[in-house]
>>> print(open('protein_23.csv').read())   # CSV, C-alpha atoms (C1' of nucleotides)
chain,number,residue,atom,x,y,z
A,1,MET,CA,76.1,49.6,130.4
A,2,PRO,CA,77.5,46.2,130.6
A,3,GLU,CA,81.2,45.5,130.5
A,4,LEU,CA,82.9,42.1,130.5
A,5,PRO,CA,81.8,40.9,134.0
A,6,GLU,CA,78.1,41.8,133.3
A,7,VAL,CA,78.2,40.2,129.8
A,8,GLU,CA,79.9,37.1,131.2
A,9,THR,CA,77.2,36.9,133.8
A,10,MET,CA,74.5,37.2,131.1
A,11,ALA,CA,76.2,34.5,129.0
A,12,ARG,CA,76.5,32.1,132.0
A,13,ASP,CA,72.8,32.7,132.9
A,14,LEU,CA,71.7,32.1,129.3
A,15,LYS,CA,73.7,29.0,129.0
A,16,LYS,CA,71.7,27.4,131.9
A,17,ALA,CA,68.4,28.9,130.7
A,18,ILE,CA,68.3,28.2,126.9
A,19,VAL,CA,70.9,25.6,125.7
A,20,GLY,CA,69.1,22.7,124.2
A,21,LYS,CA,65.9,24.7,123.5
A,22,THR,CA,64.3,25.1,120.0
A,23,ILE,CA,63.1,28.5,118.9
A,24,ARG,CA,59.4,28.5,118.0
A,25,LYS,CA,58.8,32.2,117.4
A,26,VAL,CA,60.6,35.6,117.2
A,27,TRP,CA,59.3,39.1,117.8
A,28,TYR,CA,61.0,42.5,117.7
A,29,ASP,CA,59.9,46.1,117.4
A,30,TRP,CA,63.1,48.0,116.7
A,31,PRO,CA,64.3,46.8,113.3
A,32,LYS,CA,67.5,48.9,113.3
A,33,MET,CA,68.8,46.6,116.1
A,34,ILE,CA,68.7,43.6,113.8
A,35,HIS,CA,71.6,43.0,111.4
A,36,LEU,CA,71.5,40.0,109.0
A,37,GLU,CA,74.9,38.8,107.7
A,38,LEU,CA,74.1,37.4,104.3
A,39,GLU,CA,75.9,34.5,102.5
A,40,ASN,CA,77.1,36.9,99.8
A,41,GLY,CA,79.0,39.0,102.4
A,42,ARG,CA,76.5,41.8,102.4
A,43,ARG,CA,74.4,42.9,105.4
A,44,HIS,CA,70.7,43.7,105.7
A,45,LEU,CA,69.2,45.7,108.6
A,46,GLY,CA,66.0,44.5,110.2
A,47,HIS,CA,63.9,47.1,108.4
A,48,HIS,CA,65.0,45.9,105.0
A,49,PRO,CA,61.9,44.6,103.3
A,50,ALA,CA,63.4,41.2,102.7
A,51,SER,CA,64.6,41.0,106.3
A,52,ARG,CA,61.3,41.5,108.0
A,53,THR,CA,60.1,38.0,107.2
A,54,MET,CA,63.5,36.4,106.7
A,55,PHE,CA,64.8,36.9,110.2
A,56,GLY,CA,61.9,35.2,111.9
A,57,ARG,CA,61.7,32.5,109.3
A,58,LYS,CA,65.4,31.7,109.5
A,59,LEU,CA,65.4,31.5,113.3
A,60,ARG,CA,62.3,29.4,113.6
A,61,GLY,CA,63.2,25.7,114.3
A,62,LEU,CA,66.8,26.4,115.2
A,63,LYS,CA,68.1,24.9,118.4
A,64,VAL,CA,70.4,26.7,120.8
A,65,VAL,CA,73.6,24.7,121.0
A,66,SER,CA,75.9,27.0,123.0
A,67,VAL,CA,76.2,30.4,124.7
A,68,SER,CA,79.5,32.1,125.2
A,69,ARG,CA,81.0,35.6,125.4
A,70,ARG,CA,83.5,37.5,123.3
A,71,ALA,CA,84.4,41.0,124.6
A,72,LYS,CA,81.1,42.6,125.4
A,73,ASN,CA,79.1,40.4,123.0
A,74,VAL,CA,76.9,37.4,124.0
A,75,LEU,CA,77.3,34.7,121.4
A,76,ILE,CA,74.3,32.4,121.0
A,77,GLY,CA,75.3,29.4,118.9
A,78,LEU,CA,72.5,27.9,116.9
A,79,SER,CA,72.1,24.6,115.0
A,80,GLY,CA,73.2,24.7,111.4
A,81,ASP,CA,76.3,26.7,112.3
A,82,HIS,CA,74.4,29.9,112.9
A,83,ILE,CA,75.2,32.6,115.5
A,84,LEU,CA,73.2,35.4,117.2
A,85,ALA,CA,75.8,37.9,118.4
A,86,VAL,CA,74.2,40.4,120.9
A,87,HIS,CA,75.9,43.6,122.0
A,88,PRO,CA,73.9,45.2,124.8
A,89,LYS,CA,75.7,48.5,124.6
A,90,MET,CA,74.6,50.8,127.4
A,91,THR,CA,71.3,49.5,128.7
A,92,GLY,CA,70.6,46.1,127.1
A,93,HIS,CA,70.1,42.9,129.1
A,94,PHE,CA,68.4,39.5,128.8
A,95,LEU,CA,65.6,38.2,131.0
A,96,SER,CA,64.1,34.8,131.5
A,97,GLY,CA,60.4,35.2,131.9
A,98,GLN,CA,56.9,35.1,130.4
A,99,TRP,CA,55.2,37.8,128.4
A,100,ILE,CA,51.9,38.0,126.5
A,101,MET,CA,51.3,40.2,123.5
A,102,ARG,CA,48.6,42.9,124.1
A,103,GLY,CA,48.1,45.6,121.4
A,104,GLY,CA,51.4,44.7,119.8
A,105,LYS,CA,53.3,45.1,123.0
A,106,PRO,CA,54.7,42.5,125.4
A,107,LEU,CA,53.2,42.5,128.9
A,108,PRO,CA,54.9,40.6,131.7
A,109,ALA,CA,53.0,37.5,132.7
A,110,SER,CA,53.7,35.0,135.5
A,111,TYR,CA,53.0,31.5,134.2
A,112,GLY,CA,55.4,29.1,135.9
A,113,LEU,CA,57.6,31.9,137.3
A,114,SER,CA,58.5,32.2,140.9
A,115,ARG,CA,56.9,35.2,142.7
A,116,ARG,CA,60.3,36.9,142.8
A,117,GLN,CA,60.9,36.4,139.0
A,118,ALA,CA,57.4,37.6,138.2
A,119,GLU,CA,58.1,40.8,140.1
A,120,ALA,CA,61.5,41.2,138.6
A,121,ILE,CA,60.2,41.3,135.0
A,122,ARG,CA,57.8,44.1,136.1
A,123,GLU,CA,60.5,46.3,137.3
A,124,LYS,CA,60.8,49.5,135.3
A,125,VAL,CA,64.4,48.8,134.2
A,126,ASN,CA,63.3,45.4,132.8
A,127,SER,CA,60.3,46.7,131.0
A,128,TYR,CA,61.8,48.0,127.8
A,129,ILE,CA,61.4,44.8,125.8
A,130,HIS,CA,62.3,45.1,122.1
A,131,PHE,CA,63.1,41.4,121.3
A,132,LEU,CA,61.5,38.2,122.3
A,133,LEU,CA,62.1,34.5,121.7
A,134,TRP,CA,59.5,31.8,122.3
A,135,PHE,CA,60.9,28.3,122.8
A,136,LYS,CA,59.1,25.0,122.0
A,137,ASP,CA,59.0,24.0,125.7
A,138,GLY,CA,56.9,27.1,126.5
A,139,SER,CA,59.7,29.2,128.1
A,140,MET,CA,60.7,32.6,126.8
A,141,LEU,CA,63.7,34.9,126.6
A,142,GLY,CA,63.3,38.7,126.6
A,143,TYR,CA,65.7,41.4,125.7
A,144,SER,CA,65.2,44.8,127.5
A,145,ASP,CA,67.0,47.9,126.2
A,146,ALA,CA,65.9,51.3,127.4
A,147,ARG,CA,68.1,53.3,125.0
A,148,LYS,CA,67.8,50.9,122.0
A,149,PHE,CA,71.6,51.1,121.3
A,150,GLY,CA,71.9,47.3,121.4
A,151,ARG,CA,72.7,45.3,118.3
A,152,ILE,CA,71.9,41.8,117.3
A,153,ILE,CA,73.8,40.2,114.4
A,154,PHE,CA,72.5,37.0,112.9
A,155,GLY,CA,74.1,34.8,110.3
A,156,ALA,CA,76.4,31.9,109.5
A,157,LYS,CA,79.0,31.4,112.2
A,158,GLU,CA,82.0,32.4,110.1
A,159,LYS,CA,80.2,35.5,108.6
A,160,VAL,CA,79.3,36.8,112.1
A,161,LEU,CA,82.7,36.1,113.6
A,162,GLY,CA,84.3,37.7,110.6
A,163,SER,CA,82.1,40.8,110.8
A,164,LYS,CA,83.9,44.1,111.4
A,165,GLU,CA,82.4,44.3,114.9
A,166,LEU,CA,83.8,40.9,116.0
A,167,SER,CA,86.9,40.5,113.9
A,168,SER,CA,88.7,43.7,115.1
A,169,LEU,CA,88.6,42.8,118.8
A,170,GLY,CA,91.8,42.5,120.8
A,171,PRO,CA,92.7,39.6,123.2
A,172,GLU,CA,90.4,38.6,126.1
A,173,PRO,CA,91.8,40.1,129.3
A,174,LEU,CA,91.1,36.9,131.2
A,175,GLY,CA,92.4,34.6,128.5
A,176,SER,CA,95.9,33.1,128.3
A,177,ASP,CA,96.6,35.3,125.3
A,178,LEU,CA,96.9,38.3,127.6
A,179,ASP,CA,100.0,37.4,129.6
A,180,LEU,CA,102.4,39.9,131.0
A,181,PRO,CA,104.7,40.1,128.0
A,182,ALA,CA,101.6,40.7,125.7
A,183,LEU,CA,100.4,43.5,128.0
A,184,ARG,CA,103.9,45.1,128.0
A,185,LYS,CA,103.8,45.0,124.2
A,186,ILE,CA,100.4,46.7,124.0
A,187,LEU,CA,101.5,49.3,126.5
A,188,SER,CA,104.8,50.1,124.8
A,189,SER,CA,103.1,50.5,121.4
A,190,SER,CA,100.4,52.8,122.7
A,191,ARG,CA,101.3,56.5,122.8
A,192,GLY,CA,97.9,57.7,124.1
A,193,ARG,CA,96.5,57.9,127.6
A,194,ILE,CA,96.4,54.7,129.6
A,195,LYS,CA,92.6,55.2,130.3
A,196,GLN,CA,91.9,55.4,126.6
A,197,MET,CA,94.1,52.4,125.9
A,198,LEU,CA,92.1,50.3,128.4
A,199,LEU,CA,88.9,51.3,126.7
A,200,ASP,CA,90.2,50.5,123.2
A,201,GLN,CA,88.5,47.2,122.3
A,202,THR,CA,91.1,46.5,119.5
A,203,LYS,CA,93.9,46.5,122.1
A,204,ILE,CA,92.2,44.6,124.9
A,205,ALA,CA,88.5,43.5,124.6
A,206,GLY,CA,85.9,43.9,127.3
A,207,ILE,CA,87.0,46.6,129.7
A,208,GLY,CA,84.7,49.6,130.0
A,209,ASN,CA,84.5,52.8,131.9
A,210,ILE,CA,83.8,51.5,135.4
A,211,TYR,CA,86.4,48.7,135.4
A,212,ALA,CA,89.0,50.9,133.7
A,213,ASP,CA,88.7,53.4,136.6
A,214,GLU,CA,88.7,50.6,139.2
A,215,ILE,CA,91.8,48.9,137.6
A,216,LEU,CA,93.7,52.2,137.5
A,217,TRP,CA,92.9,53.1,141.1
A,218,THR,CA,93.9,49.6,142.3
A,219,SER,CA,97.1,49.9,140.4
A,220,LYS,CA,97.8,53.5,141.6
A,221,VAL,CA,98.2,54.7,138.0
A,222,HIS,CA,96.8,58.1,136.9
A,223,PRO,CA,94.4,57.8,134.0
A,224,LEU,CA,96.2,60.5,132.0
A,225,ARG,CA,99.5,58.7,132.1
A,226,ARG,CA,100.9,57.8,128.6
A,227,ALA,CA,100.5,54.1,128.2
A,228,ASN,CA,104.1,53.7,127.1
A,229,SER,CA,105.4,55.6,130.1
A,230,LEU,CA,104.5,52.9,132.7
A,231,SER,CA,107.4,51.4,134.7
A,232,ASP,CA,107.9,47.7,134.9
A,233,GLY,CA,106.4,47.6,138.3
A,234,GLU,CA,103.4,49.6,137.2
A,235,ALA,CA,102.8,47.3,134.2
A,236,LYS,CA,103.0,44.3,136.5
A,237,ALA,CA,100.5,45.9,138.9
A,238,LEU,CA,98.2,46.8,136.0
A,239,PHE,CA,98.4,43.2,134.7
A,240,ASN,CA,97.5,41.7,138.1
A,241,ASN,CA,94.7,44.1,138.7
A,242,ILE,CA,93.1,43.7,135.3
A,243,LYS,CA,92.8,40.0,136.1
A,244,LYS,CA,91.9,40.5,139.8
A,245,VAL,CA,89.2,43.2,139.3
A,246,LEU,CA,87.5,41.5,136.4
A,247,THR,CA,87.5,38.1,138.1
A,248,SER,CA,86.2,39.4,141.3
A,249,ALA,CA,83.4,41.3,139.5
A,250,ILE,CA,82.4,38.2,137.7
A,251,LYS,CA,82.2,36.4,141.0
A,252,MET,CA,79.9,39.1,142.3
A,253,ARG,CA,77.8,38.9,139.1
A,254,GLY,CA,78.7,42.4,137.9
A,255,THR,CA,77.9,46.0,138.8
A,256,SER,CA,74.5,47.5,138.7
A,257,MET,CA,75.0,51.3,138.7
A,258,SER,CA,71.6,51.7,137.1
A,259,ASP,CA,70.2,49.5,134.3
A,260,TYR,CA,72.1,46.2,134.5
A,261,ARG,CA,70.2,43.1,135.7
A,262,ASP,CA,71.0,39.5,135.3
A,263,ALA,CA,68.7,37.0,133.5
A,264,SER,CA,66.6,36.6,136.6
A,265,GLY,CA,66.2,40.4,136.8
A,266,GLU,CA,68.6,40.7,139.8
A,267,SER,CA,71.2,43.4,140.4
A,268,GLY,CA,74.9,42.6,140.4
A,269,GLY,CA,76.8,42.6,143.7
A,270,TYR,CA,80.0,44.3,142.8
A,271,MET,CA,78.5,47.7,143.7
A,272,ARG,CA,79.6,47.1,147.2
A,273,LEU,CA,83.2,46.7,146.1
A,274,ILE,CA,83.5,49.8,143.9
A,275,LYS,CA,86.4,52.0,145.0
A,276,VAL,CA,86.4,55.1,142.7
A,277,TYR,CA,83.8,55.0,139.9
A,278,GLY,CA,81.0,57.5,140.7
A,279,ARG,CA,82.6,58.6,144.0
A,280,GLU,CA,83.6,62.2,143.0
A,281,GLY,CA,84.1,64.3,146.1
A,282,GLU,CA,84.1,61.3,148.5
A,283,PRO,CA,87.2,60.2,150.4
A,284,CYS,CA,89.7,57.8,148.8
A,285,LEU,CA,89.3,54.4,150.5
A,286,ARG,CA,93.2,54.2,150.9
A,287,CYS,CA,94.2,57.7,151.8
A,288,ARG,CA,91.0,59.8,152.5
A,289,MET,CA,92.0,62.4,149.8
A,290,LEU,CA,88.9,63.5,147.9
A,291,ILE,CA,88.3,61.6,144.6
A,292,LYS,CA,88.4,63.7,141.5
A,293,ARG,CA,86.5,63.4,138.3
A,294,ILE,CA,87.9,64.6,135.0
A,295,VAL,CA,86.8,64.1,131.4
A,296,ILE,CA,89.1,62.0,129.1
A,297,ALA,CA,87.9,61.3,125.5
A,298,ALA,CA,84.4,62.4,126.4
A,299,ARG,CA,84.1,59.8,129.2
A,300,SER,CA,84.3,60.5,132.9
A,301,ALA,CA,87.4,59.3,134.7
A,302,HIS,CA,87.6,59.0,138.5
A,303,PHE,CA,90.8,58.8,140.5
A,304,CYS,CA,92.6,59.7,143.7
A,305,PRO,CA,95.0,62.7,143.1
A,306,ARG,CA,97.2,61.5,145.9
A,307,CYS,CA,97.4,57.7,145.2
A,308,GLN,CA,97.5,58.2,141.4
A,309,ARG,CA,100.3,60.6,140.5
A,310,LEU,CA,100.8,62.0,137.1
A,311,ALA,CA,104.5,62.8,137.4
B,312,DA,C1',97.2,57.1,111.5
B,313,DA,C1',95.3,59.0,115.4
B,314,DG,C1',92.2,61.9,117.8
B,315,DC,C1',88.1,64.4,118.5
B,316,DC,C1',83.0,65.1,118.1
B,317,DG,C1',78.5,64.3,117.1
B,318,DA,C1',75.2,60.7,116.4
B,319,DC,C1',72.5,57.0,118.0
B,320,DC,C1',68.3,56.9,122.0
B,321,DT,C1',65.8,57.4,126.4
B,322,DG,C1',65.4,58.0,131.2
B,323,DA,C1',66.7,59.7,135.7
B,324,DG,C1',67.9,63.2,138.7
B,325,DG,C1',69.0,67.9,140.1
B,326,DG,C1',68.1,72.9,140.1
B,327,DC,C1',64.8,76.4,139.8
C,328,DT,C1',54.4,69.9,139.1
C,329,DG,C1',57.0,70.9,135.4
C,330,DC,C1',60.6,72.5,132.6
C,331,DC,C1',65.3,72.6,131.3
C,332,DC,C1',69.8,70.9,131.7
C,333,DT,C1',73.2,67.3,132.4
C,334,DC,C1',74.6,62.8,132.6
C,335,DA,C1',74.7,57.7,131.6
C,336,DG,C1',78.1,51.1,132.0
C,337,DG,C1',79.4,51.9,124.3
C,338,DT,C1',80.5,52.0,119.9
C,339,DC,C1',80.8,54.1,115.1
C,340,DG,C1',81.4,57.0,111.2
C,341,DG,C1',83.1,61.2,109.5
C,342,DC,C1',86.0,64.8,109.9
C,343,DT,C1',90.6,67.1,110.8
>>> encode(input="protein_23.csv", output="structure tokens")
Amino acid sequence: MPELPEVETMARDLKKAIVGKTIRKVWYDWPKMIHLELENGRRHLGHHPASRTMFGRKLRGLKVVSVSRRAKNVLIGLSGDHILAVHPKMTGHFLSGQWIMRGGKPLPASYGLSRRQAEAIREKVNSYIHFLLWFKDGSMLGYSDARKFGRIIFGAKEKVLGSKELSSLGPEPLGSDLDLPALRKILSSSRGRIKQMLLDQTKIAGIGNIYADEILWTSKVHPLRRANSLSDGEAKALFNNIKKVLTSAIKMRGTSMSDYRDASGESGGYMRLIKVYGREGEPCLRCRMLIKRIVIAARSAHFCPRCQRLA
DNA sequence: AAGCCGACCTGAGGGC
DNA sequence: TGCCCTCAGGTCGGCT
């Protein structure tokens, strides 16, 4: 589900909601999701016998000192130089709320919540809670993930940042590392399709299927073009639109095609600004030609056959 | 080295 | 209603 703008929104929401709070208790019911980076460089999954108690014991008493984002990961900085790195994959998202345990399952509650928030955490899409934190001040943070693809890595800061998942990531598209010369270099060294290049997290980190299609449509570049075949003008347009589309999507608090919700349980507003993704058979918003959908690398790609030429 | 494919999971929506 | 099929915002490991 979430791509850079959605994960950025999650991180900003969490920053307001949990920085300064101390963890009192942890609960989870999908051990495969939990990865513990050990001091000896090895890793335990949450269902490892030693991890079951270790995870909760290690988190208890730690204070949240920061929340940030790297690619599509939310990084929760904890006291003692620990990090929780959460990758929500397709359907994961955080929720501020209140739950009570009933028969080993969390049930939404409403203590101290606004009516709107109490209703939000009861919404179906927010009800797949597999991870919960209780804080000392009585507040709670839930993590809902219908498909259970999400992954939570916990450990010493340098171990987590050095893990294979986080250390192999390319530059942040909105950071100063990705300037025009850097993008030109990435383009010229990529022989594959531009759509695949945009999705390759080791080349640029954070772009996913929706925003790749939006960026290519806005730049008038066909998704099947070879990355190294773009003209100077096309590279410039691509550069500007990577920044423009992602920045605007962050401003609108992301896109909610289906599962994505912010920490208050609300949908993102960028849906209204989507130009091609999911619009197969509908008219192009520039030229009225019907939008096509093809499959590239087992992912759908949407484009306008008139505005985005292959030749 | 790069590219393709299945695996990981569950839910939603469409066709019949 | 229900069954069966397809599709979904993302990686990841294993195989050519």
>>> residues_around(input="protein_23.csv", residues="DA318 in chain B", least_positions_apart="3", cutoff="12 Å", atoms="all atoms listed in the file", output="ChimeraX atom specification")
/A:149 /C:338-341
>>> interface_residues(input="protein_23.csv", of="chain A", to="chain C", cutoff="8 Å", atoms="only C-alpha atoms (C1' of nucleotides)", output="ChimeraX atom specification")
/A:1-3,89-91,208-210,257
>>> atom_distance(input="protein_23.csv", atom1="CA of Ala156 in chain A", atom2="CA of Glu37 in chain A")
7.3 Å
>>> interface_residues(input="protein_23.csv", of="chain A", to="chain B", cutoff="8 Å", atoms="all atoms listed in the file", output="PyMOL selection string")
chain A and resi 146-149+297
>>> write_last_selection(input="protein_23.csv", atoms="C-alpha atoms", output="short mmCIF file (atom, residue, chain, number, x, y, z; two decimals), keeping the file's coordinate frame")
data_model
loop_
_atom_site.label_atom_id
_atom_site.label_comp_id
_atom_site.auth_asym_id
_atom_site.auth_seq_id
_atom_site.Cartn_x
_atom_site.Cartn_y
_atom_site.Cartn_z
CA ALA A 146 65.90 51.30 127.40
CA ARG A 147 68.10 53.30 125.00
CA LYS A 148 67.80 50.90 122.00
CA PHE A 149 71.60 51.10 121.30
CA ALA A 297 87.90 61.30 125.50
#
>>> residues_around(input="protein_23.csv", residues="range 8-16 of chain A", least_positions_apart="6", cutoff="10 Å", atoms="all atoms listed in the file", output="PyMOL selection string")
chain A and resi 2+64-76+93-96+141+206+249-254+260-264+268
>>> residues_around(input="protein_23.csv", residues="Phe154 in chain A", least_positions_apart="3", cutoff="8 Å", atoms="all atoms listed in the file", output="list of chain:residue names")
A:Ile34, A:His35, A:Leu36, A:Glu37, A:His82, A:Ile83, A:Leu84, A:Ala85, A:Val160
>>> atom_distance(input="protein_23.csv", atom1="CA of Arg102 in chain A", atom2="CA of Gly20 in chain A")
28.8 Å
>>> atom_distance(input="protein_23.csv", atom1="CA of Met101 in chain A", atom2="CA of His87 in chain A")
24.9 Å
>>> residues_near_point(input="protein_23.csv", point="(68.5, 29.1, 113.7)", cutoff="9 Å", atoms="all atoms listed in the file", output="count of residues only")
20
>>> closest_residue(input="protein_23.csv", among="A:Arg52, A:Arg191, A:Cys307, A:Pro173", to="Arg288 in chain A", atoms="only C-alpha atoms")
A:Cys307
>>> decode(input="protein_23.csv", residues="range 123-133 of chain A", atoms="all heavy atoms", output="compact mmCIF listing (two decimals), in the first residue's frame")
# COMPACT_ATOMS: atom_id res chain seq x y z
N GLU A 123 -13.60 1.25 11.93
CA GLU A 123 -13.75 1.00 10.51
C GLU A 123 -13.04 -0.31 10.16
O GLU A 123 -11.98 -0.62 10.70
CB GLU A 123 -13.12 2.15 9.70
CG GLU A 123 -13.54 2.16 8.23
CD GLU A 123 -12.65 3.05 7.34
OE1 GLU A 123 -11.92 3.89 7.88
OE2 GLU A 123 -12.70 2.87 6.11
N LYS A 124 -13.65 -1.07 9.25
CA LYS A 124 -13.14 -2.39 8.87
C LYS A 124 -11.64 -2.35 8.56
O LYS A 124 -10.86 -3.18 9.05
CB LYS A 124 -13.92 -2.87 7.64
CG LYS A 124 -13.59 -4.27 7.20
CD LYS A 124 -14.44 -5.29 7.93
CE LYS A 124 -14.06 -6.68 7.47
NZ LYS A 124 -14.69 -7.73 8.24
N VAL A 125 -11.24 -1.41 7.72
CA VAL A 125 -9.87 -1.34 7.25
C VAL A 125 -8.87 -1.06 8.39
O VAL A 125 -7.68 -1.30 8.26
CB VAL A 125 -9.78 -0.28 6.12
CG1 VAL A 125 -9.73 1.12 6.68
CG2 VAL A 125 -8.63 -0.56 5.19
N ASN A 126 -9.38 -0.56 9.51
CA ASN A 126 -8.53 -0.25 10.66
C ASN A 126 -8.60 -1.33 11.74
O ASN A 126 -8.07 -1.14 12.84
CB ASN A 126 -8.93 1.10 11.26
CG ASN A 126 -8.64 2.25 10.32
OD1 ASN A 126 -7.72 2.17 9.50
ND2 ASN A 126 -9.42 3.32 10.41
N SER A 127 -9.26 -2.43 11.42
CA SER A 127 -9.56 -3.40 12.48
C SER A 127 -8.64 -4.61 12.49
O SER A 127 -8.86 -5.53 13.26
CB SER A 127 -11.01 -3.85 12.36
OG SER A 127 -11.17 -4.64 11.20
N TYR A 128 -7.63 -4.61 11.62
CA TYR A 128 -6.72 -5.78 11.57
C TYR A 128 -5.48 -5.51 12.42
O TYR A 128 -4.36 -5.43 11.93
CB TYR A 128 -6.34 -6.10 10.12
CG TYR A 128 -7.55 -6.27 9.24
CD1 TYR A 128 -8.03 -5.23 8.45
CD2 TYR A 128 -8.24 -7.48 9.25
CE1 TYR A 128 -9.16 -5.39 7.67
CE2 TYR A 128 -9.38 -7.65 8.47
CZ TYR A 128 -9.84 -6.59 7.69
OH TYR A 128 -10.96 -6.75 6.92
N ILE A 129 -5.71 -5.34 13.71
CA ILE A 129 -4.63 -4.96 14.63
C ILE A 129 -3.77 -6.18 14.96
O ILE A 129 -4.27 -7.18 15.46
CB ILE A 129 -5.20 -4.36 15.94
CG1 ILE A 129 -6.12 -3.16 15.63
CG2 ILE A 129 -4.07 -3.97 16.89
CD1 ILE A 129 -5.42 -1.93 15.15
N HIS A 130 -2.46 -6.06 14.67
CA HIS A 130 -1.54 -7.17 14.97
C HIS A 130 -0.39 -6.76 15.88
O HIS A 130 0.46 -7.57 16.23
CB HIS A 130 -1.00 -7.77 13.68
CG HIS A 130 -2.05 -8.41 12.84
ND1 HIS A 130 -2.74 -9.53 13.25
CD2 HIS A 130 -2.61 -8.06 11.65
CE1 HIS A 130 -3.64 -9.87 12.33
NE2 HIS A 130 -3.58 -8.98 11.36
N PHE A 131 -0.36 -5.48 16.25
CA PHE A 131 0.73 -4.97 17.09
C PHE A 131 0.20 -3.78 17.87
O PHE A 131 -0.50 -2.93 17.29
CB PHE A 131 1.91 -4.56 16.19
CG PHE A 131 3.08 -3.96 16.90
CD1 PHE A 131 3.94 -4.76 17.65
CD2 PHE A 131 3.36 -2.60 16.80
CE1 PHE A 131 5.04 -4.21 18.30
CE2 PHE A 131 4.46 -2.05 17.44
CZ PHE A 131 5.31 -2.86 18.19
N LEU A 132 0.48 -3.76 19.17
CA LEU A 132 -0.02 -2.67 20.00
C LEU A 132 1.05 -2.22 20.99
O LEU A 132 1.80 -3.04 21.51
CB LEU A 132 -1.21 -3.14 20.85
CG LEU A 132 -2.62 -3.15 20.27
CD1 LEU A 132 -3.56 -3.75 21.30
CD2 LEU A 132 -3.06 -1.76 19.88
N LEU A 133 1.10 -0.91 21.21
CA LEU A 133 1.97 -0.36 22.27
C LEU A 133 1.09 0.39 23.26
O LEU A 133 0.20 1.15 22.85
CB LEU A 133 2.99 0.62 21.68
CG LEU A 133 4.10 0.07 20.78
CD1 LEU A 133 4.96 1.22 20.28
CD2 LEU A 133 4.95 -0.96 21.52
